[in-house]
Amino acid sequence: MTATHPLKIAKLDDASRVEFGPLAYYHPLVADGDTPVRTGIQTSAPGYVAPMHWHPYTELLFIIEGEADVWLQGEEDAPRRLKAGDCVALPPDIPHSFRTAGDKTMRLLGIHANPTRVSTYFDRKTDANGYPIVEAAPPAAD
(Lines give C-alpha, C1' and ligand atoms only; values in the text may rest on other atoms or scores of the structure.)
Protein backbone atom coordinates (compact mmCIF):
# COMPACT_ATOMS: atom_id res chain seq x y z
CA MET A 1 0.00 0.00 0.00
CA THR A 2 1.36 3.41 -0.98
CA ALA A 3 0.50 6.49 1.06
CA THR A 4 -0.99 9.38 -0.90
CA HIS A 5 0.56 11.87 1.52
CA PRO A 6 3.07 11.62 4.38
CA LEU A 7 2.03 11.16 8.00
CA LYS A 8 1.15 14.58 9.35
CA ILE A 9 0.67 15.53 12.97
CA ALA A 10 -0.98 18.83 13.83
CA LYS A 11 -0.81 20.14 17.40
CA LEU A 12 -3.26 22.70 18.69
CA ASP A 13 -0.52 24.27 20.83
CA ASP A 14 1.49 24.97 17.65
CA ALA A 15 -1.39 26.24 15.49
CA SER A 16 -1.71 29.87 14.47
CA ARG A 17 -4.75 31.83 15.64
CA VAL A 18 -7.16 33.44 13.18
CA GLU A 19 -9.59 36.00 14.61
CA PHE A 20 -13.23 35.63 13.55
CA GLY A 21 -14.30 38.86 15.27
CA PRO A 22 -14.59 39.70 18.95
CA LEU A 23 -16.42 36.47 19.92
CA ALA A 24 -14.61 33.73 18.01
CA TYR A 25 -11.24 32.53 16.78
CA TYR A 26 -9.93 29.60 14.78
CA HIS A 27 -6.81 27.43 14.90
CA PRO A 28 -6.02 25.74 11.55
CA LEU A 29 -4.68 22.22 12.13
CA VAL A 30 -4.30 20.05 9.03
CA ALA A 31 -4.29 23.03 6.72
CA ASP A 32 -1.33 22.90 4.37
CA GLY A 33 -3.25 22.17 1.15
CA ASP A 34 -1.45 18.87 0.65
CA THR A 35 -4.06 16.57 2.22
CA PRO A 36 -7.55 15.84 0.84
CA VAL A 37 -9.21 17.47 3.88
CA ARG A 38 -8.63 20.60 5.93
CA THR A 39 -9.31 20.81 9.66
CA GLY A 40 -9.32 23.36 12.43
CA ILE A 41 -10.69 24.13 15.88
CA GLN A 42 -13.06 27.07 16.33
CA THR A 43 -13.71 28.54 19.77
CA SER A 44 -16.81 30.72 20.08
CA ALA A 45 -18.06 32.69 23.07
CA PRO A 46 -21.74 32.97 24.01
CA GLY A 47 -23.49 35.30 21.58
CA TYR A 48 -21.41 34.29 18.54
CA VAL A 49 -23.30 33.78 15.28
CA ALA A 50 -21.41 32.67 12.17
CA PRO A 51 -22.23 34.82 9.15
CA MET A 52 -24.30 32.97 6.54
CA HIS A 53 -21.87 31.29 4.12
CA TRP A 54 -21.29 28.22 1.98
CA HIS A 55 -18.53 25.99 0.60
CA PRO A 56 -18.33 24.09 -2.72
CA TYR A 57 -17.79 20.85 -0.76
CA THR A 58 -19.17 19.08 2.33
CA GLU A 59 -18.22 20.56 5.69
CA LEU A 60 -18.44 18.60 8.95
CA LEU A 61 -18.78 20.28 12.33
CA PHE A 62 -18.01 18.12 15.37
CA ILE A 63 -18.90 19.77 18.68
CA ILE A 64 -16.10 19.27 21.21
CA GLU A 65 -17.60 21.24 24.08
CA GLY A 66 -20.59 23.45 24.70
CA GLU A 67 -23.62 23.56 22.42
CA ALA A 68 -24.43 25.01 19.02
CA ASP A 69 -27.50 25.66 16.92
CA VAL A 70 -27.03 25.02 13.19
CA TRP A 71 -29.29 25.67 10.21
CA LEU A 72 -29.42 25.88 6.43
CA GLN A 73 -30.63 28.96 4.57
CA GLY A 74 -34.43 29.09 4.76
CA GLU A 75 -34.48 27.07 8.00
CA GLU A 76 -33.49 29.91 10.34
CA ASP A 77 -36.69 29.42 12.35
CA ALA A 78 -35.93 25.73 13.01
CA PRO A 79 -32.25 25.38 13.98
CA ARG A 80 -30.94 22.01 15.11
CA ARG A 81 -29.26 21.83 18.53
CA LEU A 82 -25.91 20.05 18.74
CA LYS A 83 -24.19 19.10 22.00
CA ALA A 84 -20.66 17.89 22.74
CA GLY A 85 -20.06 14.70 20.79
CA ASP A 86 -22.57 15.56 18.03
CA CYS A 87 -21.59 16.07 14.40
CA VAL A 88 -23.37 17.60 11.40
CA ALA A 89 -22.54 17.23 7.70
CA LEU A 90 -23.36 20.44 5.85
CA PRO A 91 -24.06 19.93 2.14
CA PRO A 92 -21.99 21.63 -0.55
CA ASP A 93 -23.20 24.87 -2.12
CA ILE A 94 -26.00 25.37 0.46
CA PRO A 95 -25.69 28.50 2.63
CA HIS A 96 -25.59 27.70 6.34
CA SER A 97 -24.88 29.23 9.71
CA PHE A 98 -24.47 28.27 13.36
CA ARG A 99 -24.35 29.99 16.72
CA THR A 100 -23.13 29.28 20.19
CA ALA A 101 -26.11 28.09 22.23
CA GLY A 102 -26.43 28.85 25.91
CA ASP A 103 -24.04 30.69 28.18
CA LYS A 104 -20.91 28.52 27.81
CA THR A 105 -18.09 28.70 25.29
CA MET A 106 -18.48 26.33 22.35
CA ARG A 107 -15.57 24.57 20.64
CA LEU A 108 -15.87 22.63 17.43
CA LEU A 109 -13.68 20.71 15.04
CA GLY A 110 -14.39 21.84 11.49
CA ILE A 111 -13.54 19.40 8.71
CA HIS A 112 -13.56 20.71 5.15
CA ALA A 113 -13.71 17.98 2.49
CA ASN A 114 -11.18 19.89 0.40
CA PRO A 115 -7.44 20.53 0.63
CA THR A 116 -8.01 24.28 0.87
CA ARG A 117 -10.64 26.38 2.64
CA VAL A 118 -13.09 27.94 0.19
CA SER A 119 -15.84 30.06 1.77
CA THR A 120 -18.33 32.48 0.29
CA TYR A 121 -20.08 34.86 2.69
CA PHE A 122 -23.17 36.95 2.03
CA ASP A 123 -21.95 39.95 4.01
CA ARG A 124 -18.16 39.96 3.80
CA LYS A 125 -15.17 39.08 1.69
CA THR A 126 -12.61 36.39 2.42
CA ASP A 127 -8.85 36.53 2.46
CA ALA A 128 -6.59 34.30 0.33
CA ASN A 129 -6.97 31.47 2.90
CA GLY A 130 -10.79 31.49 2.82
CA TYR A 131 -11.15 33.21 6.21
CA PRO A 132 -13.69 36.00 6.68
CA ILE A 133 -12.21 39.47 6.61
CA VAL A 134 -13.17 41.03 9.92
CA GLU A 135 -13.46 44.79 9.91
CA ALA A 136 -11.57 46.53 12.71
CA ALA A 137 -13.71 48.28 15.28
CA PRO A 138 -13.89 52.02 14.76
CA PRO A 139 -11.82 54.09 17.18
CA ALA A 140 -13.56 55.22 20.32
CA ALA A 141 -14.90 58.77 20.30
CA ASP A 142 -13.17 61.24 22.59
# chains A, B, ... in the order shown; residues from 1 in each chain; ligands from 1
>>> residues_around(residues="region 96-102 of chain A", least_positions_apart="2", cutoff="9 Å", atoms="only C-alpha atoms", output="ChimeraX atom specification")
/A:44-54,66-73,76,79,81-82,90-91,94,104-107
>>> select_by_dssp(residues="region 4-139 of chain A", states="strand (DSSP E)", output="VMD selection string")
chain A and resid 18 to 19 24 to 28 38 to 44 53 to 54 59 to 65 67 to 72 80 to 83 87 to 90 96 to 101 106 to 112 120 to 121
>>> residues_around(residues="region 38-41 of chain A", least_positions_apart="5", cutoff="10 Å", atoms="only C-alpha atoms", output="VMD selection string")
chain A and resid 10 12 15 17 25 to 33 59 to 64 107 to 117
>>> residues_around(residues="region 126-132 of chain A", least_positions_apart="3", cutoff="7 Å", atoms="only C-alpha atoms", output="MDAnalysis selection string")
chainID A and resid 20 117:119
>>> write_last_selection(atoms="all heavy atoms", output="PDB file, in the first residue's frame")
ATOM      1  N   PHE A  20     -11.957  35.610  14.263  1.00  0.00           N
ATOM      2  CA  PHE A  20     -13.233  35.631  13.549  1.00  0.00           C
ATOM      3  C   PHE A  20     -14.131  36.715  14.145  1.00  0.00           C
ATOM      4  O   PHE A  20     -15.330  36.584  14.193  1.00  0.00           O
ATOM      5  CB  PHE A  20     -13.932  34.276  13.657  1.00  0.00           C
ATOM      6  CG  PHE A  20     -13.457  33.238  12.672  1.00  0.00           C
ATOM      7  CD1 PHE A  20     -12.325  33.405  11.917  1.00  0.00           C
ATOM      8  CD2 PHE A  20     -14.175  32.071  12.511  1.00  0.00           C
ATOM      9  CE1 PHE A  20     -11.896  32.440  11.019  1.00  0.00           C
ATOM     10  CE2 PHE A  20     -13.767  31.099  11.614  1.00  0.00           C
ATOM     11  CZ  PHE A  20     -12.626  31.282  10.865  1.00  0.00           C
ATOM     12  N   ARG A 117      -9.387  25.812   2.125  1.00  0.00           N
ATOM     13  CA  ARG A 117     -10.637  26.376   2.636  1.00  0.00           C
ATOM     14  C   ARG A 117     -11.189  27.341   1.590  1.00  0.00           C
ATOM     15  O   ARG A 117     -10.519  28.297   1.206  1.00  0.00           O
ATOM     16  CB  ARG A 117     -10.363  27.100   3.955  1.00  0.00           C
ATOM     17  CG  ARG A 117     -11.581  27.719   4.590  1.00  0.00           C
ATOM     18  CD  ARG A 117     -11.181  28.480   5.844  1.00  0.00           C
ATOM     19  NE  ARG A 117     -12.282  29.280   6.314  1.00  0.00           N
ATOM     20  CZ  ARG A 117     -13.072  28.957   7.335  1.00  0.00           C
ATOM     21  NH1 ARG A 117     -12.838  27.861   8.020  1.00  0.00           N
ATOM     22  NH2 ARG A 117     -14.063  29.734   7.694  1.00  0.00           N
ATOM     23  N   VAL A 118     -12.407  27.077   1.151  1.00  0.00           N
ATOM     24  CA  VAL A 118     -13.086  27.943   0.189  1.00  0.00           C
ATOM     25  C   VAL A 118     -14.419  28.313   0.820  1.00  0.00           C
ATOM     26  O   VAL A 118     -15.255  27.440   1.054  1.00  0.00           O
ATOM     27  CB  VAL A 118     -13.315  27.227  -1.164  1.00  0.00           C
ATOM     28  CG1 VAL A 118     -14.041  28.151  -2.133  1.00  0.00           C
ATOM     29  CG2 VAL A 118     -12.003  26.717  -1.742  1.00  0.00           C
ATOM     30  N   SER A 119     -14.614  29.587   1.122  1.00  0.00           N
ATOM     31  CA  SER A 119     -15.837  30.057   1.768  1.00  0.00           C
ATOM     32  C   SER A 119     -16.363  31.278   1.032  1.00  0.00           C
ATOM     33  O   SER A 119     -15.595  32.153   0.658  1.00  0.00           O
ATOM     34  CB  SER A 119     -15.574  30.451   3.221  1.00  0.00           C
ATOM     35  OG  SER A 119     -15.067  29.362   3.955  1.00  0.00           O
TER      36      SER A 119
END
